[in-house]
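This is run-v1.txt (compact mmCIF, C-alpha atoms).
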# COMPACT_ATOMS: atom_id res chain seq x y z
CA MET A 1 -60.40 90.80 28.85
CA LYS A 2 -61.56 93.55 26.52
CA PRO A 3 -60.91 97.31 26.56
CA VAL A 4 -63.20 99.79 28.24
CA GLY A 5 -65.25 102.02 25.94
CA PHE A 6 -63.54 104.86 24.11
CA GLN A 7 -64.11 107.27 21.23
CA PHE A 8 -62.23 106.43 18.03
CA ALA A 9 -61.17 109.11 15.55
CA GLN A 10 -59.46 108.66 12.20
CA PRO A 11 -58.51 112.12 10.91
CA GLU A 12 -57.76 112.64 7.23
CA THR A 13 -54.99 115.19 7.70
CA LEU A 14 -52.24 115.94 10.21
CA ALA A 15 -53.78 119.35 10.90
CA GLU A 16 -57.06 117.69 11.80
CA ALA A 17 -55.24 115.24 14.08
CA THR A 18 -53.42 118.00 15.96
CA ARG A 19 -56.66 119.97 16.41
CA MET A 20 -58.10 116.96 18.21
CA LEU A 21 -55.37 117.29 20.83
CA ARG A 22 -56.34 120.80 21.91
CA ASP A 23 -58.69 119.71 24.69
CA PRO A 24 -56.39 119.41 27.76
CA GLY A 25 -59.12 117.78 29.83
CA GLU A 26 -59.53 114.78 27.55
CA ASP A 27 -57.43 111.63 28.05
CA THR A 28 -56.34 110.93 24.48
CA LYS A 29 -53.96 108.36 23.01
CA ILE A 30 -52.35 108.43 19.58
CA MET A 31 -52.39 105.12 17.70
CA ALA A 32 -49.79 104.70 14.98
CA GLY A 33 -49.94 100.97 14.30
CA GLY A 34 -51.39 99.72 17.56
CA GLN A 35 -49.03 96.78 18.07
CA SER A 36 -48.26 97.91 21.62
CA LEU A 37 -51.34 99.98 22.44
CA GLY A 38 -53.77 97.26 21.31
CA PRO A 39 -52.65 94.67 23.88
CA MET A 40 -52.48 97.35 26.56
CA LEU A 41 -56.10 98.27 25.82
CA ASN A 42 -57.20 94.64 25.98
CA LEU A 43 -55.47 94.19 29.34
CA ARG A 44 -56.91 97.53 30.51
CA LEU A 45 -53.45 98.82 31.29
CA ALA A 46 -54.45 101.81 29.15
CA ARG A 47 -57.94 103.32 29.47
CA PRO A 48 -58.05 106.42 27.27
CA GLU A 49 -61.27 108.31 26.63
CA LYS A 50 -60.30 108.81 22.99
CA ILE A 51 -57.95 107.21 20.45
CA ILE A 52 -56.73 109.06 17.38
CA SER A 53 -55.45 106.79 14.62
CA ILE A 54 -52.74 108.43 12.49
CA ALA A 55 -51.12 105.43 10.79
CA GLY A 56 -52.91 106.12 7.52
CA LEU A 57 -52.01 109.79 7.19
CA SER A 58 -50.15 110.30 3.91
CA GLU A 59 -48.25 113.24 5.42
CA LEU A 60 -46.60 110.85 7.89
CA ARG A 61 -45.56 108.38 5.20
CA VAL A 62 -43.28 110.68 3.20
CA VAL A 63 -39.54 110.17 2.68
CA ASP A 64 -37.51 113.34 2.10
CA GLU A 65 -33.95 112.84 0.89
CA GLY A 66 -31.43 115.64 1.38
CA ALA A 67 -27.72 115.78 0.64
CA ASP A 68 -26.80 115.14 4.29
CA PHE A 69 -29.90 113.44 5.69
CA ILE A 70 -32.95 111.27 5.07
CA GLU A 71 -36.22 112.20 6.77
CA PHE A 72 -38.55 109.27 7.35
CA GLY A 73 -42.24 109.83 8.03
CA ALA A 74 -43.31 108.55 11.45
CA ALA A 75 -46.00 106.23 10.02
CA LEU A 76 -43.60 104.22 7.85
CA ARG A 77 -43.81 100.56 8.86
CA HIS A 78 -41.03 98.29 10.06
CA ALA A 79 -41.68 95.95 7.12
CA GLU A 80 -40.96 98.75 4.65
CA PHE A 81 -37.49 99.19 6.12
CA GLU A 82 -36.99 95.42 6.23
CA ASP A 83 -37.93 94.95 2.57
CA GLY A 84 -35.46 97.57 1.36
CA SER A 85 -38.15 99.74 -0.19
CA LEU A 86 -36.81 102.80 1.64
CA PRO A 87 -33.43 104.52 1.18
CA GLU A 88 -30.62 103.79 3.65
CA PRO A 89 -28.58 106.53 5.36
CA ILE A 90 -25.91 103.91 6.17
CA ASP A 91 -25.58 100.75 4.16
CA GLY A 92 -27.88 98.04 5.49
CA MET A 93 -28.25 99.01 9.14
CA MET A 94 -31.89 100.10 9.29
CA ARG A 95 -32.93 97.11 7.19
CA HIS A 96 -31.04 94.80 9.56
CA VAL A 97 -32.62 96.37 12.64
CA ALA A 98 -36.15 96.21 11.20
CA ARG A 99 -35.76 92.54 10.29
CA GLY A 100 -35.21 91.69 13.96
CA ILE A 101 -38.31 93.42 15.34
CA ALA A 102 -40.88 90.93 16.70
CA TYR A 103 -42.64 88.93 13.97
CA ARG A 104 -43.64 89.75 10.41
CA PRO A 105 -47.33 90.43 11.24
CA VAL A 106 -46.15 92.99 13.81
CA ARG A 107 -43.69 94.50 11.34
CA ASN A 108 -46.47 94.79 8.76
CA ARG A 109 -48.42 97.18 11.00
CA GLY A 110 -46.00 98.65 13.54
CA THR A 111 -44.47 102.03 12.72
CA ILE A 112 -41.14 103.65 13.47
CA GLY A 113 -42.79 106.65 15.13
CA GLY A 114 -45.11 104.49 17.20
CA SER A 115 -42.19 102.43 18.47
CA LEU A 116 -40.28 105.54 19.51
CA CYS A 117 -43.25 107.06 21.31
CA HIS A 118 -44.06 103.83 23.15
CA ALA A 119 -40.45 103.97 24.41
CA ASP A 120 -40.02 100.43 25.62
CA PRO A 121 -36.37 100.32 26.79
CA ALA A 122 -35.88 97.02 24.94
CA ALA A 123 -37.25 98.29 21.62
CA ASP A 124 -34.87 98.25 18.66
CA TRP A 125 -35.44 101.68 17.10
CA ILE A 126 -34.74 103.49 20.37
CA THR A 127 -31.18 102.14 20.52
CA ALA A 128 -30.47 102.04 16.78
CA LEU A 129 -31.55 105.62 16.11
CA THR A 130 -29.60 106.88 19.11
CA ALA A 131 -26.50 105.21 17.67
CA LEU A 132 -27.22 106.82 14.29
CA GLY A 133 -27.49 110.31 15.80
CA ALA A 134 -31.07 110.76 14.63
CA THR A 135 -33.42 113.64 15.39
CA VAL A 136 -37.15 113.37 16.06
CA ARG A 137 -39.48 116.02 14.62
CA ILE A 138 -42.54 116.86 16.72
CA VAL A 139 -45.56 119.07 15.99
CA SER A 140 -47.90 120.50 18.63
CA ALA A 141 -51.63 121.18 18.63
CA LYS A 142 -50.76 124.87 18.07
CA GLY A 143 -48.85 123.97 14.92
CA ASP A 144 -45.41 124.61 16.41
CA THR A 145 -42.63 122.27 15.26
CA ARG A 146 -39.53 121.31 17.20
CA ASP A 147 -36.66 118.88 16.68
CA VAL A 148 -35.35 116.70 19.51
CA ASP A 149 -32.08 114.80 19.39
CA MET A 150 -32.44 111.10 20.21
CA THR A 151 -30.05 111.56 23.12
CA ARG A 152 -32.74 113.69 24.79
CA PHE A 153 -35.87 112.05 23.41
CA MET A 154 -36.37 109.22 25.89
CA HIS A 155 -36.60 110.24 29.55
CA GLY A 156 -37.03 106.72 30.93
CA ALA A 157 -39.10 103.59 30.52
CA TYR A 158 -42.24 104.53 28.52
CA ARG A 159 -41.52 108.24 29.03
CA THR A 160 -40.45 110.58 26.26
CA GLU A 161 -40.06 114.24 25.36
CA VAL A 162 -43.44 114.18 23.56
CA ASN A 163 -46.16 116.13 25.38
CA SER A 164 -49.83 115.16 25.46
CA ASP A 165 -50.68 117.78 22.83
CA GLU A 166 -47.92 116.73 20.40
CA ILE A 167 -47.42 114.20 17.59
CA VAL A 168 -44.15 112.82 16.23
CA THR A 169 -44.16 113.48 12.49
CA SER A 170 -40.79 112.19 11.29
CA VAL A 171 -37.33 110.91 12.13
CA ILE A 172 -34.31 112.60 10.54
CA VAL A 173 -31.22 110.41 10.13
CA PRO A 174 -27.84 111.78 8.97
CA ARG A 175 -26.30 110.27 5.85
CA TYR A 176 -23.03 108.42 6.35
CA SER A 177 -20.12 107.98 3.97
CA PRO A 178 -19.32 104.71 2.14
CA SER A 179 -16.48 104.26 4.66
CA ALA A 180 -18.87 104.07 7.60
CA VAL A 181 -19.22 100.84 9.57
CA TRP A 182 -21.89 99.66 11.95
CA GLY A 183 -22.69 96.79 14.30
CA TYR A 184 -25.96 95.91 15.99
CA TYR A 185 -26.46 92.89 18.23
CA LYS A 186 -29.21 91.91 20.64
CA THR A 187 -29.78 88.98 22.95
CA CYS A 188 -33.29 87.48 23.18
CA ARG A 189 -34.55 84.39 24.93
CA LYS A 190 -36.34 83.46 21.73
CA VAL A 191 -36.81 85.01 18.30
CA GLY A 192 -39.38 87.79 18.27
CA GLU A 193 -39.20 88.72 21.92
CA PHE A 194 -38.00 92.04 23.28
CA ALA A 195 -34.27 92.02 23.91
CA ASP A 196 -32.51 91.25 27.18
CA ALA A 197 -29.50 93.25 25.97
CA ILE A 198 -28.69 95.41 22.94
CA ALA A 199 -25.45 97.00 21.79
CA ALA A 200 -24.87 99.20 18.76
CA TRP A 201 -21.80 100.88 17.33
CA VAL A 202 -21.71 103.31 14.41
CA ALA A 203 -18.50 104.89 13.13
CA ASP A 204 -17.63 107.03 10.13
CA PRO A 205 -14.00 108.14 9.69
CA VAL A 206 -15.02 110.75 7.11
CA LYS A 207 -17.44 112.41 9.53
CA ARG A 208 -15.13 111.72 12.49
CA TYR A 209 -18.09 110.11 14.21
CA SER A 210 -18.15 107.15 16.59
CA ARG A 211 -20.90 106.20 19.02
CA VAL A 212 -21.43 103.16 21.25
CA VAL A 213 -24.93 102.68 22.65
CA PHE A 214 -26.32 100.10 25.08
CA GLY A 215 -30.04 99.34 25.02
CA ALA A 216 -32.53 97.21 26.99
CA THR A 217 -31.19 98.70 30.23
CA ALA A 218 -34.62 99.33 31.85
CA GLY A 219 -34.30 103.01 30.98
CA ALA A 220 -33.05 105.30 28.25
CA PRO A 221 -30.17 104.03 26.09
CA ILE A 222 -26.70 104.45 27.56
CA ILE A 223 -23.98 106.12 25.47
CA SER A 224 -20.32 105.42 26.21
CA VAL A 225 -17.91 108.04 24.86
CA PRO A 226 -14.75 106.27 26.17
CA LEU A 227 -15.66 102.98 24.49
CA SER A 228 -16.62 104.82 21.30
CA GLN A 229 -13.20 106.47 21.20
CA GLN A 230 -11.32 103.31 22.14
CA ILE A 231 -12.85 101.17 19.41
CA ALA A 232 -12.50 103.89 16.77
CA THR A 233 -8.83 104.57 17.52
CA THR A 234 -7.64 100.98 18.09
CA GLY A 235 -9.88 99.08 15.70
CA GLU A 236 -10.01 96.33 18.32
CA VAL A 237 -12.81 94.64 20.24
CA PRO A 238 -12.70 95.79 23.89
CA GLY A 239 -12.38 93.17 26.61
CA LYS A 240 -15.35 92.18 28.76
CA ASP A 241 -13.77 93.57 31.93
CA VAL A 242 -13.20 96.94 30.27
CA ILE A 243 -16.82 97.08 29.13
CA LYS A 244 -18.17 95.99 32.51
CA THR A 245 -16.08 98.63 34.30
CA GLU A 246 -17.50 101.29 32.00
CA LEU A 247 -21.05 100.05 32.55
CA GLU A 248 -20.52 100.16 36.29
CA ARG A 249 -19.48 103.80 35.93
CA LEU A 250 -22.39 104.74 33.66
CA ALA A 251 -25.14 102.66 35.30
CA PRO A 252 -24.12 101.40 38.75
CA GLY A 253 -27.60 99.94 39.29
CA LEU A 254 -27.19 97.25 36.64
CA ASP A 255 -26.85 93.73 38.02
CA ARG A 256 -23.96 91.47 37.04
CA VAL A 257 -26.02 89.35 34.67
CA LYS A 258 -27.17 92.43 32.74
CA GLN A 259 -23.61 93.77 32.66
CA HIS A 260 -22.36 90.49 31.23
CA LEU A 261 -25.09 90.33 28.57
CA LEU A 262 -24.41 93.92 27.49
CA ALA A 263 -20.65 93.32 27.40
CA VAL A 264 -21.06 90.27 25.19
CA ALA A 265 -23.51 92.14 22.96
CA LEU A 266 -20.99 94.98 22.43
CA GLN A 267 -18.18 92.57 21.68
CA ARG A 268 -20.28 90.76 19.09
CA CYS A 269 -21.60 93.92 17.43
CA THR A 270 -18.06 95.32 17.27
CA LYS A 271 -16.76 92.12 15.69
CA GLN A 272 -19.62 92.39 13.19
CA ALA A 273 -18.66 95.94 12.29
CA LEU A 274 -14.91 95.25 12.08
CA ASN A 275 -15.39 91.96 10.23
CA HIS A 276 -13.48 90.07 12.91
CA ASP A 277 -13.98 86.32 13.29

Would you put the structure from the file into structure tokens?
Amino acid sequence: MKPVGFQFAQPETLAEATRMLRDPGEDTKIMAGGQSLGPMLNLRLARPEKIISIAGLSELRVVDEGADFIEFGAALRHAEFEDGSLPEPIDGMMRHVARGIAYRPVRNRGTIGGSLCHADPAADWITALTALGATVRIVSAKGDTRDVDMTRFMHGAYRTEVNSDEIVTSVIVPRYSPSAVWGYYKTCRKVGEFADAIAAWVADPVKRYSRVVFGATAGAPIISVPLSQQIATTGEVPGKDVIKTELERLAPGLDRVKQHLLAVALQRCTKQALNHD
């Protein structure tokens, strides 16, 4: 199957791209890599009247380093994180996460902003950036800019805070101290597939920060404050029953198989972070 006909635009600046979003009556899609939108077009699951390609905009490929943060342009590709050509806000985590996304050809073209906006519940950046306490910067067709915390960015499967007249321009990730630790583990049926379960834990004693996040839950990532506090204060891997009880409280709709997969994923990512055998 092939896509239905559509107009294709490739603006040269971000301002030009946002101007193209001012017509509320036009069904427009933003393409920032096309590794998810392309197959959807071919299967006719998406039938936009117009596609605006922004992956090549230099303004969306900038890295801004501050004392307490690193701001990554939304059009930076997964492969650039994987190859270590970009700075790390916490030693090795974003490189590790990028390395596990799909296959190298996908990582060569897919972008961090595109992945966030597609908002597949099983996507890696959604969970990882929530664990890292990141903020998403969004610009509207009117030129207004707003920042959205990752805890509020994803509303549900394939639904985000981004409106039809807005574009994600960057992701702002806090810097962590050399004492920070992290774990990230996902379960896949085979390498390159979307995950069946994801767990991430990030902790920094200097910043007094600890966050446990579960991903691939069919909706937005799930944050567990009790488990975050327990692991940070005890330095121990929580038991499966403890994790499952917490998941039942946070997401009672999860089936037992999913609960088990998520519990194992958290145990393994915690062991990774704590250097336990």

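Restricting the calculation to only C-alpha atoms, the smallest distance between A:Thr233 and any of A:Met20, A:Ala203, A:Leu247, A:Ile126 is found for A:Ala203.
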
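Among the candidates A:Ile90, A:Ala195, A:Ala102, A:Met154, the one nearest to A:Asp68 when counting all atoms listed in the file is A:Ile90.
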
Mind dumping a table of every stretch 130-229 of chain A residue within 12 Å of stretch 235-246 of chain A, with the nearest atom pair and its distance in Å to one decimal, using all atoms listed in the file, sorted by chain and rising number, as CSV?
residue,atom,partner,partner_atom,distance
A:Val181,CA,A:Gly235,CA,11.3
A:Gly183,CA,A:Val237,CA,11.7
A:Ala199,CA,A:Ile243,CA,11.3
A:Trp201,CA,A:Val237,CA,11.3
A:Ala203,CA,A:Gly235,CA,10.7
A:Pro205,CA,A:Gly235,CA,11.6
A:Ser210,CA,A:Gly235,CA,11.6
A:Val212,CA,A:Ile243,CA,11.0
A:Val213,CA,A:Ile243,CA,11.8
A:Phe214,CA,A:Ile243,CA,10.8
A:Ile222,CA,A:Glu246,CA,10.7
A:Ile223,CA,A:Glu246,CA,10.4
A:Ser224,CA,A:Glu246,CA,7.7
A:Val225,CA,A:Glu246,CA,9.8
A:Pro226,CA,A:Glu246,CA,8.1
A:Leu227,CA,A:Ile243,CA,7.6
A:Ser228,CA,A:Pro238,CA,10.2
A:Gln229,CA,A:Gly235,CA,9.8

Find the residues near A:Pro221: any atom within 10 Å, counting only C-alpha atoms, skip ones fewer than 4 places away on the same chain, and give them as a PDB file with C-alpha atoms, in the frame of the given file.
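So the final result, stored in part.pdb, reads:
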ATOM      1  CA  PRO A 121     -36.370 100.320  26.790  1.00  0.00           C
ATOM      2  CA  ALA A 122     -35.880  97.020  24.940  1.00  0.00           C
ATOM      3  CA  ILE A 126     -34.740 103.490  20.370  1.00  0.00           C
ATOM      4  CA  THR A 127     -31.180 102.140  20.520  1.00  0.00           C
ATOM      5  CA  ALA A 128     -30.470 102.040  16.780  1.00  0.00           C
ATOM      6  CA  THR A 130     -29.600 106.880  19.110  1.00  0.00           C
ATOM      7  CA  ALA A 131     -26.500 105.210  17.670  1.00  0.00           C
ATOM      8  CA  MET A 150     -32.440 111.100  20.210  1.00  0.00           C
ATOM      9  CA  THR A 151     -30.050 111.560  23.120  1.00  0.00           C
ATOM     10  CA  MET A 154     -36.370 109.220  25.890  1.00  0.00           C
ATOM     11  CA  HIS A 155     -36.600 110.240  29.550  1.00  0.00           C
ATOM     12  CA  GLY A 156     -37.030 106.720  30.930  1.00  0.00           C
ATOM     13  CA  ALA A 157     -39.100 103.590  30.520  1.00  0.00           C
ATOM     14  CA  ILE A 198     -28.690  95.410  22.940  1.00  0.00           C
ATOM     15  CA  ALA A 199     -25.450  97.000  21.790  1.00  0.00           C
ATOM     16  CA  VAL A 213     -24.930 102.680  22.650  1.00  0.00           C
ATOM     17  CA  PHE A 214     -26.320 100.100  25.080  1.00  0.00           C
ATOM     18  CA  GLY A 215     -30.040  99.340  25.020  1.00  0.00           C
ATOM     19  CA  ALA A 216     -32.530  97.210  26.990  1.00  0.00           C
ATOM     20  CA  THR A 217     -31.190  98.700  30.230  1.00  0.00           C
TER      21      THR A 217
END

Response to the item:
Counting only C-alpha atoms, closest pick from A:Lys29, A:Lys186, A:Lys50, A:Arg19 relative to A:Gly5 is A:Lys50

Item to complete: Name the residues, using the chain letters and numbers of the file, that sit within 12 Å of (-34.5, 91.8, 12.5) when counting all atoms listed in the file, and give them as a PyMOL selection string.
Response: chain A and resi 78-79+81-83+92-104+106-107+123-125+128+184-188+191-195

Item to complete: Could you jot down the atom CA of A:Leu274 to atom CA of A:Phe69 separation for me, Å, one decimal place?
Response: 24.4 Å

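The coordinates place atom CA of A:Lys142 at 26.9 Å from atom CA of A:Glu65.
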
Fill in: A:Arg109 surroundings by only C-alpha atoms, 9 Å radius, close-in-sequence under 4 positions cut, as number ranges by chain
A: 32-35, 55, 77-79, 104-105

Worksheet item: Which one of A:Leu250, A:Val206, A:Val173, A:Met31 sits closest to A:Val63 if you count only C-alpha atoms?
Response: A:Val173

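Closest to A:Ser179 among A:Arg137, A:Lys207, A:Arg61, A:Lys2 is A:Lys207, based on all atoms listed in the file.
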